[in-house]
file work_20.cif (mmCIF, N, CA and C atoms)
data_model
#
loop_
_atom_site.label_atom_id
_atom_site.label_comp_id
_atom_site.auth_asym_id
_atom_site.auth_seq_id
_atom_site.Cartn_x
_atom_site.Cartn_y
_atom_site.Cartn_z
N MET V 21 100.63 80.27 89.92
CA MET V 21 100.05 81.03 91.01
C MET V 21 98.63 81.44 90.62
N THR V 22 97.70 81.31 91.53
CA THR V 22 96.31 81.63 91.23
C THR V 22 96.10 83.14 91.17
N HIS V 23 94.98 83.55 90.53
CA HIS V 23 94.65 84.96 90.41
C HIS V 23 94.48 85.59 91.80
N LYS V 24 93.84 84.88 92.70
CA LYS V 24 93.63 85.38 94.08
C LYS V 24 94.98 85.63 94.76
N LYS V 25 95.91 84.71 94.59
CA LYS V 25 97.22 84.85 95.21
C LYS V 25 97.97 86.05 94.63
N LEU V 26 97.85 86.28 93.32
CA LEU V 26 98.49 87.43 92.70
C LEU V 26 97.94 88.73 93.27
N GLU V 27 96.62 88.79 93.45
CA GLU V 27 96.00 89.98 94.01
C GLU V 27 96.50 90.25 95.42
N GLU V 28 96.64 89.20 96.22
CA GLU V 28 97.13 89.36 97.59
C GLU V 28 98.55 89.91 97.60
N ASN V 29 99.37 89.49 96.65
CA ASN V 29 100.75 89.94 96.60
C ASN V 29 100.86 91.42 96.22
N LEU V 30 99.87 91.95 95.51
CA LEU V 30 99.90 93.35 95.11
C LEU V 30 99.42 94.28 96.22
N GLN V 31 98.77 93.73 97.21
CA GLN V 31 98.24 94.53 98.31
C GLN V 31 99.36 94.96 99.23
N GLU V 32 99.37 96.25 99.56
CA GLU V 32 100.36 96.78 100.49
C GLU V 32 99.63 97.30 101.72
N VAL V 33 100.06 96.87 102.89
CA VAL V 33 99.45 97.35 104.12
C VAL V 33 100.01 98.73 104.42
N ILE V 34 99.11 99.70 104.53
CA ILE V 34 99.50 101.08 104.80
C ILE V 34 99.54 101.34 106.30
N ARG V 35 98.49 100.94 106.99
CA ARG V 35 98.41 101.16 108.43
C ARG V 35 97.69 100.01 109.10
N THR V 36 98.09 99.71 110.33
CA THR V 36 97.39 98.73 111.15
C THR V 36 97.34 99.25 112.58
N SER V 37 96.34 98.84 113.29
CA SER V 37 96.29 99.14 114.72
C SER V 37 95.47 98.08 115.42
N ILE V 38 95.78 97.91 116.69
CA ILE V 38 95.08 96.95 117.53
C ILE V 38 94.54 97.72 118.73
N LYS V 39 93.26 97.55 118.98
CA LYS V 39 92.61 98.25 120.11
C LYS V 39 91.87 97.25 120.97
N ARG V 40 91.94 97.44 122.27
CA ARG V 40 91.14 96.63 123.19
C ARG V 40 89.84 97.39 123.40
N ALA V 41 88.73 96.76 123.05
CA ALA V 41 87.42 97.42 123.15
C ALA V 41 86.91 97.32 124.58
N ALA V 42 86.35 96.20 124.94
CA ALA V 42 85.80 96.01 126.28
C ALA V 42 86.09 94.60 126.72
N GLY V 43 86.54 94.46 127.95
CA GLY V 43 86.79 93.13 128.50
C GLY V 43 87.72 92.31 127.65
N ASP V 44 87.18 91.27 127.02
CA ASP V 44 88.02 90.35 126.27
C ASP V 44 87.95 90.57 124.75
N ILE V 45 87.51 91.73 124.30
CA ILE V 45 87.36 91.99 122.87
C ILE V 45 88.53 92.82 122.34
N ILE V 46 89.13 92.33 121.26
CA ILE V 46 90.21 93.06 120.58
C ILE V 46 89.73 93.37 119.16
N LEU V 47 89.99 94.60 118.72
CA LEU V 47 89.65 95.02 117.37
C LEU V 47 90.93 95.29 116.60
N LEU V 48 91.03 94.71 115.42
CA LEU V 48 92.19 94.88 114.55
C LEU V 48 91.75 95.68 113.33
N TYR V 49 92.47 96.73 113.01
CA TYR V 49 92.16 97.57 111.86
C TYR V 49 93.31 97.51 110.86
N ARG V 50 92.97 97.43 109.58
CA ARG V 50 94.01 97.38 108.55
C ARG V 50 93.57 98.19 107.33
N LEU V 51 94.43 99.09 106.90
CA LEU V 51 94.21 99.87 105.69
C LEU V 51 95.21 99.38 104.65
N THR V 52 94.71 98.97 103.49
CA THR V 52 95.59 98.46 102.45
C THR V 52 95.44 99.26 101.17
N GLN V 53 96.47 99.19 100.35
CA GLN V 53 96.52 99.88 99.07
C GLN V 53 96.87 98.85 98.00
N GLU V 54 96.21 98.93 96.87
CA GLU V 54 96.58 98.06 95.76
C GLU V 54 96.40 98.82 94.45
N PRO V 55 97.24 98.52 93.48
CA PRO V 55 97.16 99.23 92.20
C PRO V 55 95.93 98.82 91.40
N VAL V 56 95.41 99.80 90.67
CA VAL V 56 94.27 99.58 89.77
C VAL V 56 94.60 100.27 88.47
N GLN V 57 94.39 99.58 87.38
CA GLN V 57 94.64 100.18 86.08
C GLN V 57 93.37 100.84 85.57
N ALA V 58 93.48 102.09 85.21
CA ALA V 58 92.35 102.81 84.64
C ALA V 58 92.71 103.22 83.22
N GLU V 59 91.80 103.08 82.33
CA GLU V 59 92.08 103.40 80.93
C GLU V 59 91.39 104.70 80.56
N TYR V 60 92.15 105.67 80.12
CA TYR V 60 91.63 106.95 79.66
C TYR V 60 92.14 107.17 78.24
N THR V 61 91.24 107.21 77.31
CA THR V 61 91.53 107.32 75.88
C THR V 61 92.59 106.31 75.49
N SER V 62 93.72 106.78 74.93
CA SER V 62 94.71 105.81 74.45
C SER V 62 95.82 105.53 75.44
N LYS V 63 95.87 106.25 76.55
CA LYS V 63 96.94 105.97 77.52
C LYS V 63 96.38 105.40 78.81
N GLN V 64 97.17 104.56 79.44
CA GLN V 64 96.75 103.93 80.68
C GLN V 64 97.40 104.62 81.87
N LEU V 65 96.63 104.81 82.91
CA LEU V 65 97.14 105.37 84.16
C LEU V 65 96.96 104.35 85.26
N THR V 66 97.91 104.30 86.17
CA THR V 66 97.79 103.39 87.30
C THR V 66 97.41 104.21 88.53
N GLN V 67 96.32 103.82 89.15
CA GLN V 67 95.86 104.45 90.38
C GLN V 67 95.99 103.42 91.49
N SER V 68 95.66 103.88 92.68
CA SER V 68 95.59 102.96 93.81
C SER V 68 94.19 102.99 94.38
N GLN V 69 93.75 101.84 94.85
CA GLN V 69 92.49 101.78 95.59
C GLN V 69 92.84 101.38 97.02
N TYR V 70 92.06 101.91 97.95
CA TYR V 70 92.31 101.69 99.37
C TYR V 70 91.16 100.90 99.96
N SER V 71 91.49 99.90 100.74
CA SER V 71 90.49 99.02 101.37
C SER V 71 90.70 99.02 102.87
N LEU V 72 89.61 98.83 103.59
CA LEU V 72 89.63 98.83 105.04
C LEU V 72 89.09 97.50 105.55
N THR V 73 89.81 96.89 106.48
CA THR V 73 89.37 95.64 107.10
C THR V 73 89.32 95.82 108.61
N VAL V 74 88.21 95.39 109.20
CA VAL V 74 88.06 95.42 110.65
C VAL V 74 87.80 93.99 111.11
N THR V 75 88.58 93.53 112.08
CA THR V 75 88.45 92.19 112.63
C THR V 75 88.21 92.29 114.13
N LYS V 76 87.22 91.55 114.60
CA LYS V 76 86.91 91.51 116.03
C LYS V 76 87.21 90.10 116.52
N VAL V 77 88.02 90.00 117.59
CA VAL V 77 88.41 88.72 118.14
C VAL V 77 88.30 88.79 119.66
N ASP V 78 87.79 87.70 120.26
CA ASP V 78 87.84 87.67 121.72
C ASP V 78 89.22 87.17 122.13
N CYS V 79 89.62 87.48 123.34
CA CYS V 79 90.98 87.14 123.78
C CYS V 79 91.26 85.65 123.77
N GLY V 80 90.24 84.83 123.91
CA GLY V 80 90.42 83.39 123.84
C GLY V 80 90.55 82.89 122.41
N GLY V 81 90.23 83.74 121.46
CA GLY V 81 90.35 83.37 120.04
C GLY V 81 89.23 82.48 119.54
N THR V 82 88.20 82.28 120.34
CA THR V 82 87.13 81.36 119.93
C THR V 82 86.11 82.02 119.01
N ARG V 83 85.94 83.33 119.13
CA ARG V 83 85.01 84.04 118.26
C ARG V 83 85.78 85.01 117.40
N ARG V 84 85.41 85.07 116.11
CA ARG V 84 86.08 85.98 115.19
C ARG V 84 85.07 86.49 114.19
N GLU V 85 85.11 87.78 113.94
CA GLU V 85 84.20 88.41 112.99
C GLU V 85 85.04 89.37 112.13
N VAL V 86 84.87 89.31 110.81
CA VAL V 86 85.68 90.13 109.91
C VAL V 86 84.77 90.84 108.91
N ARG V 87 85.08 92.09 108.64
CA ARG V 87 84.37 92.84 107.61
C ARG V 87 85.39 93.62 106.82
N CYS V 88 85.38 93.46 105.50
CA CYS V 88 86.29 94.18 104.61
C CYS V 88 85.49 95.07 103.68
N LEU V 89 85.94 96.29 103.52
CA LEU V 89 85.35 97.21 102.55
C LEU V 89 86.39 97.44 101.46
N PRO V 90 86.30 96.66 100.38
CA PRO V 90 87.26 96.82 99.30
C PRO V 90 86.97 98.10 98.50
N ASP V 91 88.01 98.68 97.95
CA ASP V 91 87.89 99.87 97.11
C ASP V 91 87.03 100.95 97.77
N LEU V 92 87.36 101.25 99.01
CA LEU V 92 86.64 102.26 99.78
C LEU V 92 86.78 103.64 99.14
N THR V 93 87.99 103.95 98.67
CA THR V 93 88.27 105.22 98.02
C THR V 93 89.53 105.07 97.17
N ARG V 94 89.74 106.04 96.30
CA ARG V 94 90.97 106.06 95.49
C ARG V 94 91.88 107.21 95.91
N ASN V 95 91.53 107.86 97.02
CA ASN V 95 92.27 109.01 97.52
C ASN V 95 92.94 108.63 98.84
N ARG V 96 94.28 108.68 98.88
CA ARG V 96 95.00 108.22 100.07
C ARG V 96 94.68 109.07 101.31
N MET V 97 94.63 110.38 101.16
CA MET V 97 94.35 111.23 102.31
C MET V 97 92.96 110.93 102.87
N GLU V 98 91.99 110.76 102.00
CA GLU V 98 90.64 110.41 102.44
C GLU V 98 90.63 109.04 103.13
N ALA V 99 91.36 108.08 102.57
CA ALA V 99 91.44 106.73 103.16
C ALA V 99 92.02 106.80 104.57
N GLU V 100 93.06 107.58 104.76
CA GLU V 100 93.68 107.68 106.09
C GLU V 100 92.77 108.40 107.08
N GLN V 101 92.02 109.40 106.61
CA GLN V 101 91.07 110.08 107.49
C GLN V 101 89.95 109.13 107.94
N ILE V 102 89.44 108.35 107.02
CA ILE V 102 88.40 107.36 107.35
C ILE V 102 88.95 106.33 108.32
N TYR V 103 90.16 105.85 108.06
CA TYR V 103 90.81 104.88 108.94
C TYR V 103 90.92 105.44 110.36
N ASP V 104 91.38 106.68 110.49
CA ASP V 104 91.53 107.31 111.81
C ASP V 104 90.19 107.37 112.54
N LEU V 105 89.14 107.80 111.85
CA LEU V 105 87.82 107.90 112.47
C LEU V 105 87.30 106.54 112.92
N ILE V 106 87.45 105.53 112.06
CA ILE V 106 86.95 104.19 112.36
C ILE V 106 87.72 103.57 113.53
N SER V 107 89.04 103.67 113.50
CA SER V 107 89.84 103.03 114.55
C SER V 107 89.72 103.78 115.88
N ARG V 108 89.67 105.09 115.86
CA ARG V 108 89.50 105.85 117.11
C ARG V 108 88.13 105.60 117.73
N GLY V 109 87.12 105.41 116.88
CA GLY V 109 85.77 105.19 117.37
C GLY V 109 85.48 103.77 117.78
N LEU V 110 86.47 102.88 117.67
CA LEU V 110 86.32 101.47 118.01
C LEU V 110 85.11 100.85 117.30
N VAL V 111 85.01 101.13 116.02
CA VAL V 111 83.91 100.58 115.21
C VAL V 111 84.13 99.08 115.03
N THR V 112 83.08 98.31 115.22
CA THR V 112 83.14 96.85 115.10
C THR V 112 82.74 96.43 113.69
N PRO V 113 83.08 95.20 113.28
CA PRO V 113 82.72 94.74 111.95
C PRO V 113 81.22 94.81 111.65
N CYS V 114 80.39 94.49 112.65
CA CYS V 114 78.95 94.44 112.39
C CYS V 114 78.33 95.83 112.21
N THR V 115 79.01 96.88 112.66
CA THR V 115 78.48 98.24 112.49
C THR V 115 79.23 99.05 111.45
N LEU V 116 80.25 98.46 110.84
CA LEU V 116 81.11 99.20 109.91
C LEU V 116 80.34 99.78 108.73
N ASP V 117 79.46 99.00 108.11
CA ASP V 117 78.70 99.50 106.96
C ASP V 117 77.86 100.72 107.32
N GLU V 118 77.17 100.68 108.46
CA GLU V 118 76.32 101.79 108.87
C GLU V 118 77.14 103.05 109.16
N VAL V 119 78.28 102.88 109.80
CA VAL V 119 79.13 104.02 110.12
C VAL V 119 79.66 104.65 108.83
N ILE V 120 80.09 103.84 107.88
CA ILE V 120 80.59 104.36 106.61
C ILE V 120 79.46 105.06 105.85
N ASP V 121 78.28 104.47 105.83
CA ASP V 121 77.13 105.11 105.18
C ASP V 121 76.85 106.47 105.79
N ASP V 122 76.84 106.54 107.11
CA ASP V 122 76.62 107.82 107.80
C ASP V 122 77.72 108.83 107.48
N LEU V 123 78.96 108.36 107.43
CA LEU V 123 80.09 109.22 107.15
C LEU V 123 79.98 109.84 105.76
N PHE V 124 79.61 109.06 104.77
CA PHE V 124 79.51 109.57 103.40
C PHE V 124 78.23 110.38 103.18
N ALA V 125 77.27 110.26 104.09
CA ALA V 125 76.03 111.03 103.97
C ALA V 125 76.22 112.48 104.41
N ILE V 126 77.28 112.74 105.17
CA ILE V 126 77.52 114.09 105.70
C ILE V 126 77.94 115.02 104.59
#
call {"tool": "encode", "arguments": {"input": "work_20.cif", "output": "structure tokens"}}
result
Amino acid sequence: MTHKKLEENLQEVIRTSIKRAAGDIILLYRLTQEPVQAEYTSKQLTQSQYSLTVTKVDCGGTRREVRCLPDLTRNRMEAEQIYDLISRGLVTPCTLDEVIDDLFAI
């Protein structure tokens, strides 16, 4: 099994939602969690990192745009709050970076 495939198997989907934006546009949101090993002195601790993926698809399926923000945060409550804000605001993949930058600037 390849390294990429192993990483995909460790990813756990925490939340997903599908929103209809305008007309024929559908936005798919996915929050995932995956383990990360952190080394502190002589003992190892396992943490989780949370990633956010936004996919924009037209109803005909001919156009597709995807943006993933890996390792967005290591705090689950913060990850879920960000997910709620992004999905409620119908943020698209092309504006995701700017919205996250603005969010962290506050």
call {"tool": "residues_around", "arguments": {"input": "work_20.cif", "residues": "V:Asp91", "least_positions_apart": "5", "cutoff": "6 Å", "atoms": "only C-alpha atoms", "output": "list in words"}}
result
Gln69, Tyr70 and Ser71 of chain V
call {"tool": "resolve_selection", "arguments": {"input": "work_20.cif", "expression": "the PyMOL selection byres (((chain V and resi 103 and name CA) around 12) and name CA)", "output": "PyMOL selection string"}}
result
chain V and resi 34-37+48-52+70-74+89+92-93+96-102+104-111+116+119-120+123
call {"tool": "closest_residue", "arguments": {"input": "work_20.cif", "among": "V:Cys114, V:Pro90, V:Val33, V:Ala125", "to": "V:Gln53", "atoms": "all atoms listed in the file"}}
result
V:Val33
call {"tool": "select_by_dssp", "arguments": {"input": "work_20.cif", "residues": "chain V", "states": "helix (DSSP H, G or I)", "output": "PDB file with N, CA and C atoms, keeping the file's coordinate frame"}}
result
ATOM      1  N   HIS V  23      94.980  83.550  90.530  1.00  0.00           N
ATOM      2  CA  HIS V  23      94.650  84.960  90.410  1.00  0.00           C
ATOM      3  C   HIS V  23      94.480  85.590  91.800  1.00  0.00           C
ATOM      4  N   LYS V  24      93.840  84.880  92.700  1.00  0.00           N
ATOM      5  CA  LYS V  24      93.630  85.380  94.080  1.00  0.00           C
ATOM      6  C   LYS V  24      94.980  85.630  94.760  1.00  0.00           C
ATOM      7  N   LYS V  25      95.910  84.710  94.590  1.00  0.00           N
ATOM      8  CA  LYS V  25      97.220  84.850  95.210  1.00  0.00           C
ATOM      9  C   LYS V  25      97.970  86.050  94.630  1.00  0.00           C
ATOM     10  N   LEU V  26      97.850  86.280  93.320  1.00  0.00           N
ATOM     11  CA  LEU V  26      98.490  87.430  92.700  1.00  0.00           C
ATOM     12  C   LEU V  26      97.940  88.730  93.270  1.00  0.00           C
ATOM     13  N   GLU V  27      96.620  88.790  93.450  1.00  0.00           N
ATOM     14  CA  GLU V  27      96.000  89.980  94.010  1.00  0.00           C
ATOM     15  C   GLU V  27      96.500  90.250  95.420  1.00  0.00           C
ATOM     16  N   GLU V  28      96.640  89.200  96.220  1.00  0.00           N
ATOM     17  CA  GLU V  28      97.130  89.360  97.590  1.00  0.00           C
ATOM     18  C   GLU V  28      98.550  89.910  97.600  1.00  0.00           C
ATOM     19  N   ASN V  29      99.370  89.490  96.650  1.00  0.00           N
ATOM     20  CA  ASN V  29     100.750  89.940  96.600  1.00  0.00           C
ATOM     21  C   ASN V  29     100.860  91.420  96.220  1.00  0.00           C
ATOM     22  N   LEU V  30      99.870  91.950  95.510  1.00  0.00           N
ATOM     23  CA  LEU V  30      99.900  93.350  95.110  1.00  0.00           C
ATOM     24  C   LEU V  30      99.420  94.280  96.220  1.00  0.00           C
ATOM     25  N   ARG V  96      94.280 108.680  98.880  1.00  0.00           N
ATOM     26  CA  ARG V  96      95.000 108.220 100.070  1.00  0.00           C
ATOM     27  C   ARG V  96      94.680 109.070 101.310  1.00  0.00           C
ATOM     28  N   MET V  97      94.630 110.380 101.160  1.00  0.00           N
ATOM     29  CA  MET V  97      94.350 111.230 102.310  1.00  0.00           C
ATOM     30  C   MET V  97      92.960 110.930 102.870  1.00  0.00           C
ATOM     31  N   GLU V  98      91.990 110.760 102.000  1.00  0.00           N
ATOM     32  CA  GLU V  98      90.640 110.410 102.440  1.00  0.00           C
ATOM     33  C   GLU V  98      90.630 109.040 103.130  1.00  0.00           C
ATOM     34  N   ALA V  99      91.360 108.080 102.570  1.00  0.00           N
ATOM     35  CA  ALA V  99      91.440 106.730 103.160  1.00  0.00           C
ATOM     36  C   ALA V  99      92.020 106.800 104.570  1.00  0.00           C
ATOM     37  N   GLU V 100      93.060 107.580 104.760  1.00  0.00           N
ATOM     38  CA  GLU V 100      93.680 107.680 106.090  1.00  0.00           C
ATOM     39  C   GLU V 100      92.770 108.400 107.080  1.00  0.00           C
ATOM     40  N   GLN V 101      92.020 109.400 106.610  1.00  0.00           N
ATOM     41  CA  GLN V 101      91.070 110.080 107.490  1.00  0.00           C
ATOM     42  C   GLN V 101      89.950 109.130 107.940  1.00  0.00           C
ATOM     43  N   ILE V 102      89.440 108.350 107.020  1.00  0.00           N
ATOM     44  CA  ILE V 102      88.400 107.360 107.350  1.00  0.00           C
ATOM     45  C   ILE V 102      88.950 106.330 108.320  1.00  0.00           C
ATOM     46  N   TYR V 103      90.160 105.850 108.060  1.00  0.00           N
ATOM     47  CA  TYR V 103      90.810 104.880 108.940  1.00  0.00           C
ATOM     48  C   TYR V 103      90.920 105.440 110.360  1.00  0.00           C
ATOM     49  N   ASP V 104      91.380 106.680 110.490  1.00  0.00           N
ATOM     50  CA  ASP V 104      91.530 107.310 111.810  1.00  0.00           C
ATOM     51  C   ASP V 104      90.190 107.370 112.540  1.00  0.00           C
ATOM     52  N   LEU V 105      89.140 107.800 111.850  1.00  0.00           N
ATOM     53  CA  LEU V 105      87.820 107.900 112.470  1.00  0.00           C
ATOM     54  C   LEU V 105      87.300 106.540 112.920  1.00  0.00           C
ATOM     55  N   ILE V 106      87.450 105.530 112.060  1.00  0.00           N
ATOM     56  CA  ILE V 106      86.950 104.190 112.360  1.00  0.00           C
ATOM     57  C   ILE V 106      87.720 103.570 113.530  1.00  0.00           C
ATOM     58  N   SER V 107      89.040 103.670 113.500  1.00  0.00           N
ATOM     59  CA  SER V 107      89.840 103.030 114.550  1.00  0.00           C
ATOM     60  C   SER V 107      89.720 103.780 115.880  1.00  0.00           C
ATOM     61  N   ARG V 108      89.670 105.090 115.860  1.00  0.00           N
ATOM     62  CA  ARG V 108      89.500 105.850 117.110  1.00  0.00           C
ATOM     63  C   ARG V 108      88.130 105.600 117.730  1.00  0.00           C
ATOM     64  N   PRO V 113      83.080  95.200 113.280  1.00  0.00           N
ATOM     65  CA  PRO V 113      82.720  94.740 111.950  1.00  0.00           C
ATOM     66  C   PRO V 113      81.220  94.810 111.650  1.00  0.00           C
ATOM     67  N   CYS V 114      80.390  94.490 112.650  1.00  0.00           N
ATOM     68  CA  CYS V 114      78.950  94.440 112.390  1.00  0.00           C
ATOM     69  C   CYS V 114      78.330  95.830 112.210  1.00  0.00           C
ATOM     70  N   THR V 115      79.010  96.880 112.660  1.00  0.00           N
ATOM     71  CA  THR V 115      78.480  98.240 112.490  1.00  0.00           C
ATOM     72  C   THR V 115      79.230  99.050 111.450  1.00  0.00           C
ATOM     73  N   LEU V 116      80.250  98.460 110.840  1.00  0.00           N
ATOM     74  CA  LEU V 116      81.110  99.200 109.910  1.00  0.00           C
ATOM     75  C   LEU V 116      80.340  99.780 108.730  1.00  0.00           C
ATOM     76  N   ASP V 117      79.460  99.000 108.110  1.00  0.00           N
ATOM     77  CA  ASP V 117      78.700  99.500 106.960  1.00  0.00           C
ATOM     78  C   ASP V 117      77.860 100.720 107.320  1.00  0.00           C
ATOM     79  N   GLU V 118      77.170 100.680 108.460  1.00  0.00           N
ATOM     80  CA  GLU V 118      76.320 101.790 108.870  1.00  0.00           C
ATOM     81  C   GLU V 118      77.140 103.050 109.160  1.00  0.00           C
ATOM     82  N   VAL V 119      78.280 102.880 109.800  1.00  0.00           N
ATOM     83  CA  VAL V 119      79.130 104.020 110.120  1.00  0.00           C
ATOM     84  C   VAL V 119      79.660 104.650 108.830  1.00  0.00           C
ATOM     85  N   ILE V 120      80.090 103.840 107.880  1.00  0.00           N
ATOM     86  CA  ILE V 120      80.590 104.360 106.610  1.00  0.00           C
ATOM     87  C   ILE V 120      79.460 105.060 105.850  1.00  0.00           C
ATOM     88  N   ASP V 121      78.280 104.470 105.830  1.00  0.00           N
ATOM     89  CA  ASP V 121      77.130 105.110 105.180  1.00  0.00           C
ATOM     90  C   ASP V 121      76.850 106.470 105.790  1.00  0.00           C
ATOM     91  N   ASP V 122      76.840 106.540 107.110  1.00  0.00           N
ATOM     92  CA  ASP V 122      76.620 107.820 107.800  1.00  0.00           C
ATOM     93  C   ASP V 122      77.720 108.830 107.480  1.00  0.00           C
ATOM     94  N   LEU V 123      78.960 108.360 107.430  1.00  0.00           N
ATOM     95  CA  LEU V 123      80.090 109.220 107.150  1.00  0.00           C
ATOM     96  C   LEU V 123      79.980 109.840 105.760  1.00  0.00           C
ATOM     97  N   PHE V 124      79.610 109.060 104.770  1.00  0.00           N
ATOM     98  CA  PHE V 124      79.510 109.570 103.400  1.00  0.00           C
ATOM     99  C   PHE V 124      78.230 110.380 103.180  1.00  0.00           C
ATOM    100  N   ALA V 125      77.270 110.260 104.090  1.00  0.00           N
ATOM    101  CA  ALA V 125      76.030 111.030 103.970  1.00  0.00           C
ATOM    102  C   ALA V 125      76.220 112.480 104.410  1.00  0.00           C
TER     103      ALA V 125
END
call {"tool": "atom_distance", "arguments": {"input": "work_20.cif", "atom1": "atom N of V:Val86", "atom2": "atom N of V:Asp121"}}
result
17.3 Å
call {"tool": "atom_distance", "arguments": {"input": "work_20.cif", "atom1": "atom CA of V:Gln67", "atom2": "atom CA of V:Leu47"}}
result
29.3 Å
call {"tool": "atom_distance", "arguments": {"input": "work_20.cif", "atom1": "atom CA of V:Asp78", "atom2": "atom CA of V:Gln31"}}
result
26.5 Å
